[in-house]
file data-v1.txt (compact mmCIF, N, CA and C atoms and all ligand atoms)
# COMPACT_ATOMS: atom_id res chain seq x y z
N MET Z 38 -24.54 4.77 -3.91
CA MET Z 38 -23.95 4.46 -5.22
C MET Z 38 -22.44 4.71 -5.18
N MET Z 39 -22.08 5.92 -4.83
CA MET Z 39 -20.68 6.30 -4.80
C MET Z 39 -19.89 5.46 -3.79
N SER Z 40 -20.48 5.27 -2.60
CA SER Z 40 -19.75 4.56 -1.56
C SER Z 40 -19.60 3.08 -1.91
N GLU Z 41 -20.57 2.59 -2.68
CA GLU Z 41 -20.50 1.20 -3.13
C GLU Z 41 -19.30 1.01 -4.05
N GLN Z 42 -19.12 1.98 -4.95
CA GLN Z 42 -17.99 1.90 -5.87
C GLN Z 42 -16.67 2.08 -5.13
N ARG Z 43 -16.70 2.91 -4.13
CA ARG Z 43 -15.49 3.13 -3.34
C ARG Z 43 -15.09 1.82 -2.65
N ALA Z 44 -16.09 1.15 -2.07
CA ALA Z 44 -15.83 -0.12 -1.42
C ALA Z 44 -15.26 -1.14 -2.41
N GLN Z 45 -15.81 -1.09 -3.61
CA GLN Z 45 -15.36 -2.00 -4.67
C GLN Z 45 -13.89 -1.72 -5.02
N LEU Z 46 -13.57 -0.45 -5.11
CA LEU Z 46 -12.20 -0.06 -5.43
C LEU Z 46 -11.23 -0.44 -4.31
N GLU Z 47 -11.66 -0.22 -3.08
CA GLU Z 47 -10.81 -0.59 -1.94
C GLU Z 47 -10.55 -2.09 -1.91
N GLN Z 48 -11.59 -2.83 -2.27
CA GLN Z 48 -11.48 -4.28 -2.30
C GLN Z 48 -10.50 -4.72 -3.40
N LEU Z 49 -10.65 -4.07 -4.54
CA LEU Z 49 -9.77 -4.35 -5.67
C LEU Z 49 -8.32 -4.04 -5.30
N LYS Z 50 -8.14 -2.94 -4.62
CA LYS Z 50 -6.81 -2.53 -4.21
C LYS Z 50 -6.18 -3.57 -3.27
N ALA Z 51 -6.99 -4.05 -2.31
CA ALA Z 51 -6.50 -5.06 -1.38
C ALA Z 51 -6.12 -6.34 -2.12
N HIS Z 52 -6.95 -6.69 -3.09
CA HIS Z 52 -6.69 -7.89 -3.88
C HIS Z 52 -5.38 -7.75 -4.66
N ILE Z 53 -5.19 -6.59 -5.28
CA ILE Z 53 -3.98 -6.36 -6.06
C ILE Z 53 -2.75 -6.39 -5.15
N ASN Z 54 -2.88 -5.81 -3.98
CA ASN Z 54 -1.75 -5.83 -3.04
C ASN Z 54 -1.38 -7.25 -2.64
N ASP Z 55 -2.39 -8.09 -2.45
CA ASP Z 55 -2.14 -9.50 -2.14
C ASP Z 55 -1.38 -10.18 -3.27
N GLU Z 56 -1.85 -9.95 -4.49
CA GLU Z 56 -1.21 -10.54 -5.66
C GLU Z 56 0.25 -10.08 -5.76
N LEU Z 57 0.44 -8.79 -5.55
CA LEU Z 57 1.78 -8.22 -5.64
C LEU Z 57 2.72 -8.85 -4.61
N MET Z 58 2.18 -9.10 -3.43
CA MET Z 58 3.00 -9.68 -2.38
C MET Z 58 3.44 -11.09 -2.76
N LEU Z 59 2.48 -11.86 -3.28
CA LEU Z 59 2.80 -13.22 -3.72
C LEU Z 59 3.81 -13.21 -4.86
N LEU Z 60 3.57 -12.31 -5.81
CA LEU Z 60 4.44 -12.25 -6.98
C LEU Z 60 5.83 -11.76 -6.63
N LYS Z 61 5.90 -10.92 -5.63
CA LYS Z 61 7.20 -10.38 -5.23
C LYS Z 61 8.16 -11.51 -4.86
N GLU Z 62 7.62 -12.49 -4.14
CA GLU Z 62 8.45 -13.65 -3.78
C GLU Z 62 8.93 -14.38 -5.02
N GLN Z 63 8.01 -14.52 -5.96
CA GLN Z 63 8.35 -15.27 -7.17
C GLN Z 63 9.31 -14.53 -8.10
N THR Z 64 9.33 -13.20 -7.98
CA THR Z 64 10.21 -12.43 -8.85
C THR Z 64 11.58 -12.20 -8.24
N ASP Z 65 11.77 -12.68 -7.01
CA ASP Z 65 13.05 -12.51 -6.35
C ASP Z 65 14.12 -13.34 -7.07
N PRO Z 66 15.11 -12.70 -7.67
CA PRO Z 66 16.11 -13.45 -8.44
C PRO Z 66 16.96 -14.36 -7.57
N VAL Z 67 17.07 -14.04 -6.30
CA VAL Z 67 17.87 -14.86 -5.39
C VAL Z 67 17.30 -16.28 -5.31
N MET Z 68 15.96 -16.34 -5.29
CA MET Z 68 15.31 -17.63 -5.21
C MET Z 68 15.70 -18.55 -6.36
N LEU Z 69 15.83 -17.94 -7.50
CA LEU Z 69 16.16 -18.70 -8.69
C LEU Z 69 17.57 -19.28 -8.60
N ASP Z 70 18.47 -18.53 -8.01
CA ASP Z 70 19.86 -18.96 -7.92
C ASP Z 70 20.10 -19.97 -6.81
N GLN Z 71 19.29 -19.84 -5.77
CA GLN Z 71 19.55 -20.69 -4.61
C GLN Z 71 19.10 -22.13 -4.81
N GLN Z 72 18.16 -22.32 -5.70
CA GLN Z 72 17.68 -23.68 -5.91
C GLN Z 72 18.53 -24.39 -6.94
N SER Z 73 18.64 -25.69 -6.78
CA SER Z 73 19.35 -26.42 -7.81
C SER Z 73 18.33 -27.10 -8.71
N PHE Z 74 18.53 -26.90 -9.99
CA PHE Z 74 17.57 -27.43 -10.96
C PHE Z 74 18.31 -28.34 -11.93
N GLY Z 75 17.57 -29.25 -12.50
CA GLY Z 75 18.07 -29.92 -13.69
C GLY Z 75 17.97 -28.92 -14.82
N ARG Z 76 18.50 -29.25 -15.98
CA ARG Z 76 18.49 -28.29 -17.07
C ARG Z 76 17.07 -27.89 -17.47
N VAL Z 77 16.20 -28.89 -17.58
CA VAL Z 77 14.83 -28.62 -18.03
C VAL Z 77 14.04 -27.85 -16.98
N SER Z 78 14.14 -28.30 -15.75
CA SER Z 78 13.33 -27.63 -14.73
C SER Z 78 13.86 -26.23 -14.45
N ARG Z 79 15.14 -26.01 -14.70
CA ARG Z 79 15.65 -24.65 -14.54
C ARG Z 79 15.04 -23.73 -15.60
N MET Z 80 14.88 -24.28 -16.80
CA MET Z 80 14.24 -23.47 -17.84
C MET Z 80 12.79 -23.17 -17.47
N ASP Z 81 12.14 -24.17 -16.91
CA ASP Z 81 10.77 -23.95 -16.42
C ASP Z 81 10.73 -22.84 -15.39
N ALA Z 82 11.65 -22.94 -14.47
CA ALA Z 82 11.70 -21.97 -13.38
C ALA Z 82 11.95 -20.57 -13.92
N MET Z 83 12.80 -20.48 -14.94
CA MET Z 83 13.09 -19.17 -15.51
C MET Z 83 11.89 -18.62 -16.26
N GLN Z 84 11.17 -19.52 -16.92
CA GLN Z 84 9.96 -19.08 -17.62
C GLN Z 84 8.93 -18.56 -16.62
N GLN Z 85 8.80 -19.28 -15.53
CA GLN Z 85 7.85 -18.85 -14.49
C GLN Z 85 8.28 -17.53 -13.88
N HIS Z 86 9.56 -17.41 -13.75
CA HIS Z 86 10.12 -16.18 -13.21
C HIS Z 86 9.77 -14.99 -14.11
N GLU Z 87 9.91 -15.18 -15.41
CA GLU Z 87 9.56 -14.13 -16.37
C GLU Z 87 8.08 -13.80 -16.32
N LEU Z 88 7.28 -14.85 -16.23
CA LEU Z 88 5.83 -14.67 -16.17
C LEU Z 88 5.45 -13.88 -14.91
N ALA Z 89 6.06 -14.26 -13.81
CA ALA Z 89 5.78 -13.57 -12.54
C ALA Z 89 6.17 -12.10 -12.66
N LYS Z 90 7.29 -11.84 -13.34
CA LYS Z 90 7.72 -10.45 -13.49
C LYS Z 90 6.74 -9.64 -14.32
N SER Z 91 6.23 -10.25 -15.41
CA SER Z 91 5.30 -9.49 -16.24
C SER Z 91 3.96 -9.31 -15.54
N ASN Z 92 3.54 -10.32 -14.77
CA ASN Z 92 2.33 -10.16 -13.95
C ASN Z 92 2.52 -9.06 -12.91
N TYR Z 93 3.70 -9.05 -12.35
CA TYR Z 93 4.00 -8.05 -11.34
C TYR Z 93 3.87 -6.64 -11.91
N ARG Z 94 4.42 -6.44 -13.10
CA ARG Z 94 4.31 -5.13 -13.75
C ARG Z 94 2.86 -4.78 -14.04
N TYR Z 95 2.11 -5.79 -14.49
CA TYR Z 95 0.69 -5.58 -14.79
C TYR Z 95 -0.06 -5.12 -13.55
N TYR Z 96 0.16 -5.82 -12.44
CA TYR Z 96 -0.57 -5.46 -11.22
C TYR Z 96 -0.13 -4.11 -10.67
N GLN Z 97 1.15 -3.77 -10.89
CA GLN Z 97 1.60 -2.46 -10.44
C GLN Z 97 0.87 -1.35 -11.18
N THR Z 98 0.68 -1.55 -12.49
CA THR Z 98 -0.06 -0.58 -13.29
C THR Z 98 -1.50 -0.49 -12.82
N GLN Z 99 -2.10 -1.67 -12.59
CA GLN Z 99 -3.48 -1.72 -12.11
C GLN Z 99 -3.64 -0.97 -10.79
N LEU Z 100 -2.67 -1.20 -9.91
CA LEU Z 100 -2.73 -0.57 -8.59
C LEU Z 100 -2.73 0.95 -8.72
N LYS Z 101 -1.90 1.46 -9.63
CA LYS Z 101 -1.86 2.91 -9.85
C LYS Z 101 -3.21 3.41 -10.35
N GLU Z 102 -3.82 2.67 -11.27
CA GLU Z 102 -5.14 3.05 -11.80
C GLU Z 102 -6.17 3.12 -10.68
N VAL Z 103 -6.15 2.10 -9.83
CA VAL Z 103 -7.13 2.03 -8.75
C VAL Z 103 -6.91 3.16 -7.75
N GLU Z 104 -5.65 3.40 -7.42
CA GLU Z 104 -5.35 4.48 -6.47
C GLU Z 104 -5.77 5.83 -7.03
N LEU Z 105 -5.55 5.99 -8.32
CA LEU Z 105 -5.94 7.24 -8.99
C LEU Z 105 -7.46 7.40 -8.95
N ALA Z 106 -8.17 6.31 -9.19
CA ALA Z 106 -9.63 6.35 -9.17
C ALA Z 106 -10.13 6.75 -7.79
N ILE Z 107 -9.49 6.21 -6.75
CA ILE Z 107 -9.89 6.56 -5.38
C ILE Z 107 -9.61 8.03 -5.11
N LYS Z 108 -8.49 8.51 -5.61
CA LYS Z 108 -8.14 9.92 -5.45
C LYS Z 108 -9.15 10.81 -6.18
N ARG Z 109 -9.55 10.39 -7.38
CA ARG Z 109 -10.52 11.18 -8.14
C ARG Z 109 -11.86 11.21 -7.42
N MET Z 110 -12.15 10.15 -6.69
CA MET Z 110 -13.37 10.11 -5.91
C MET Z 110 -13.32 11.17 -4.81
N ASP Z 111 -12.17 11.29 -4.19
CA ASP Z 111 -11.99 12.31 -3.16
C ASP Z 111 -12.13 13.71 -3.75
N ASP Z 112 -11.66 13.87 -4.96
CA ASP Z 112 -11.75 15.18 -5.63
C ASP Z 112 -13.10 15.40 -6.30
N GLU Z 113 -13.97 14.42 -6.16
CA GLU Z 113 -15.30 14.47 -6.78
C GLU Z 113 -15.25 14.60 -8.30
N GLU Z 114 -14.24 14.03 -8.89
CA GLU Z 114 -14.14 14.00 -10.35
C GLU Z 114 -14.41 12.60 -10.87
N TYR Z 115 -14.66 11.71 -9.94
CA TYR Z 115 -14.84 10.33 -10.32
C TYR Z 115 -16.12 10.13 -11.13
N GLY Z 116 -16.03 9.27 -12.15
CA GLY Z 116 -17.22 8.95 -12.93
C GLY Z 116 -17.35 9.81 -14.18
N TYR Z 117 -16.41 10.75 -14.35
CA TYR Z 117 -16.44 11.57 -15.57
C TYR Z 117 -15.22 11.27 -16.43
N CYS Z 118 -15.43 11.25 -17.72
CA CYS Z 118 -14.34 10.97 -18.65
C CYS Z 118 -13.25 12.03 -18.52
N GLU Z 119 -12.01 11.56 -18.44
CA GLU Z 119 -10.90 12.50 -18.26
C GLU Z 119 -10.67 13.33 -19.51
N GLU Z 120 -11.14 12.85 -20.64
CA GLU Z 120 -10.85 13.57 -21.86
C GLU Z 120 -11.97 14.50 -22.31
N CYS Z 121 -13.18 13.95 -22.40
CA CYS Z 121 -14.28 14.78 -22.90
C CYS Z 121 -15.18 15.31 -21.79
N GLY Z 122 -14.99 14.82 -20.56
CA GLY Z 122 -15.79 15.31 -19.45
C GLY Z 122 -17.19 14.74 -19.35
N GLU Z 123 -17.52 13.86 -20.29
CA GLU Z 123 -18.84 13.22 -20.25
C GLU Z 123 -18.92 12.26 -19.06
N GLU Z 124 -20.13 12.07 -18.60
CA GLU Z 124 -20.34 11.13 -17.51
C GLU Z 124 -20.12 9.71 -18.03
N ILE Z 125 -19.38 8.91 -17.31
CA ILE Z 125 -19.17 7.52 -17.71
C ILE Z 125 -20.36 6.69 -17.22
N PRO Z 126 -20.98 5.90 -18.10
CA PRO Z 126 -22.17 5.13 -17.70
C PRO Z 126 -21.88 4.23 -16.49
N ALA Z 127 -22.83 4.16 -15.59
CA ALA Z 127 -22.67 3.38 -14.36
C ALA Z 127 -22.37 1.91 -14.66
N ALA Z 128 -22.94 1.40 -15.76
CA ALA Z 128 -22.72 0.00 -16.11
C ALA Z 128 -21.24 -0.24 -16.41
N ARG Z 129 -20.62 0.73 -17.06
CA ARG Z 129 -19.20 0.61 -17.38
C ARG Z 129 -18.36 0.66 -16.10
N LEU Z 130 -18.73 1.55 -15.21
CA LEU Z 130 -18.01 1.66 -13.94
C LEU Z 130 -18.18 0.42 -13.08
N ALA Z 131 -19.33 -0.22 -13.22
CA ALA Z 131 -19.58 -1.42 -12.42
C ALA Z 131 -18.65 -2.55 -12.83
N VAL Z 132 -18.37 -2.62 -14.13
CA VAL Z 132 -17.50 -3.68 -14.64
C VAL Z 132 -16.03 -3.36 -14.36
N LYS Z 133 -15.70 -2.08 -14.58
CA LYS Z 133 -14.31 -1.67 -14.43
C LYS Z 133 -14.27 -0.38 -13.63
N PRO Z 134 -14.30 -0.48 -12.30
CA PRO Z 134 -14.43 0.73 -11.49
C PRO Z 134 -13.26 1.71 -11.62
N GLU Z 135 -12.13 1.24 -12.17
CA GLU Z 135 -10.97 2.12 -12.24
C GLU Z 135 -10.87 2.90 -13.56
N VAL Z 136 -11.86 2.72 -14.47
CA VAL Z 136 -11.75 3.39 -15.78
C VAL Z 136 -11.77 4.92 -15.63
N ARG Z 137 -11.05 5.56 -16.54
CA ARG Z 137 -11.00 7.02 -16.50
C ARG Z 137 -11.55 7.65 -17.78
N LEU Z 138 -11.81 6.82 -18.77
CA LEU Z 138 -12.30 7.34 -20.05
C LEU Z 138 -13.63 6.71 -20.42
N CYS Z 139 -14.44 7.44 -21.16
CA CYS Z 139 -15.68 6.87 -21.66
C CYS Z 139 -15.33 5.92 -22.82
N VAL Z 140 -16.29 5.17 -23.28
CA VAL Z 140 -16.02 4.14 -24.28
C VAL Z 140 -15.41 4.73 -25.55
N SER Z 141 -15.97 5.85 -26.04
CA SER Z 141 -15.46 6.37 -27.31
C SER Z 141 -14.06 6.96 -27.18
N CYS Z 142 -13.75 7.61 -26.06
CA CYS Z 142 -12.39 8.12 -25.86
C CYS Z 142 -11.40 6.97 -25.71
N GLN Z 143 -11.83 5.93 -25.02
CA GLN Z 143 -10.99 4.74 -24.85
C GLN Z 143 -10.63 4.14 -26.21
N GLN Z 144 -11.64 4.09 -27.07
CA GLN Z 144 -11.42 3.50 -28.40
C GLN Z 144 -10.41 4.32 -29.20
N ASN Z 145 -10.44 5.63 -29.01
CA ASN Z 145 -9.47 6.49 -29.70
C ASN Z 145 -8.04 6.21 -29.25
N HIS Z 146 -7.91 5.66 -28.06
CA HIS Z 146 -6.59 5.38 -27.52
C HIS Z 146 -6.04 4.03 -27.97
N GLU Z 147 -6.95 3.16 -28.42
CA GLU Z 147 -6.51 1.80 -28.74
C GLU Z 147 -6.18 1.65 -30.22
ZN ZN B 1 -14.75 10.70 -23.29

call {"tool": "encode", "arguments": {"input": "data-v1.txt", "output": "structure tokens"}}
result
Amino acid sequence: MMSEQRAQLEQLKAHINDELMLLKEQTDPVMLDQQSFGRVSRMDAMQQHELAKSNYRYYQTQLKEVELAIKRMDDEEYGYCEECGEEIPAARLAVKPEVRLCVSCQQNHE
């Protein structure tokens, strides 16, 4: 059970790293300057650039969550809510292996 989730997390981490690598190229401001655009396509390019940047930030946050989850697994704290200490249901962990809070604590945060 535990090792299955660990494998899932490692896989997720690899996937996020791939995404980050792709996005890194797209967020490079030099690329935007080096190409010549018409007025409209330059605006498109800038919009895509912004989108890539926000995706990049999103994946960076995700990566931290996943790394933290793997660390908690090493500390044998994985699977317990960080706030109330209750066990997080396996079904919840299966959907989102990086979660740190149980459903009710999560709701209090939103
Ligand atoms: Zn809780």

call {"tool": "residues_around", "arguments": {"input": "data-v1.txt", "residues": "Glu119 in chain Z", "least_positions_apart": "2", "cutoff": "7 Å", "atoms": "all atoms listed in the file", "output": "VMD selection string"}}
result
chain Z and resid 117 121 to 123 137 to 139

call {"tool": "closest_residue", "arguments": {"input": "data-v1.txt", "among": "Z:Gln48, Z:Val140, Z:Glu104, Z:Asn54", "to": "ligand ZN 1 (chain B)", "atoms": "all atoms listed in the file"}}
result
Z:Val140

call {"tool": "residues_around", "arguments": {"input": "data-v1.txt", "residues": "Val136 in chain Z", "least_positions_apart": "4", "cutoff": "8 Å", "atoms": "all atoms listed in the file", "output": "MDAnalysis selection string"}}
result
chainID Z and resid 102:103 106 116:119 129:130 132

call {"tool": "atom_distance", "arguments": {"input": "data-v1.txt", "atom1": "CA of Ala51 in chain Z", "atom2": "CA of Gln99 in chain Z"}}
result
11.6 Å

call {"tool": "atom_distance", "arguments": {"input": "data-v1.txt", "atom1": "atom N of Glu41 in chain Z", "atom2": "CA of Ser141 in chain Z"}}
result
25.4 Å

call {"tool": "select_by_dssp", "arguments": {"input": "data-v1.txt", "residues": "range 44-139 of chain Z", "states": "helix (DSSP H, G or I)", "output": "PyMOL selection string"}}
result
chain Z and resi 44-64+66-71+76-111+127-132

call {"tool": "closest_residue", "arguments": {"input": "data-v1.txt", "among": "Z:Lys90, Z:Lys50, Z:Arg79, Z:Arg43", "to": "Glu62 in chain Z", "atoms": "only C-alpha atoms"}}
result
Z:Lys90

call {"tool": "closest_residue", "arguments": {"input": "data-v1.txt", "among": "Z:Glu147, Z:Asp65, Z:Glu124, Z:Glu135", "to": "ligand ZN 1 (chain B)", "atoms": "only N, CA and C atoms and all ligand atoms"}}
result
Z:Glu124
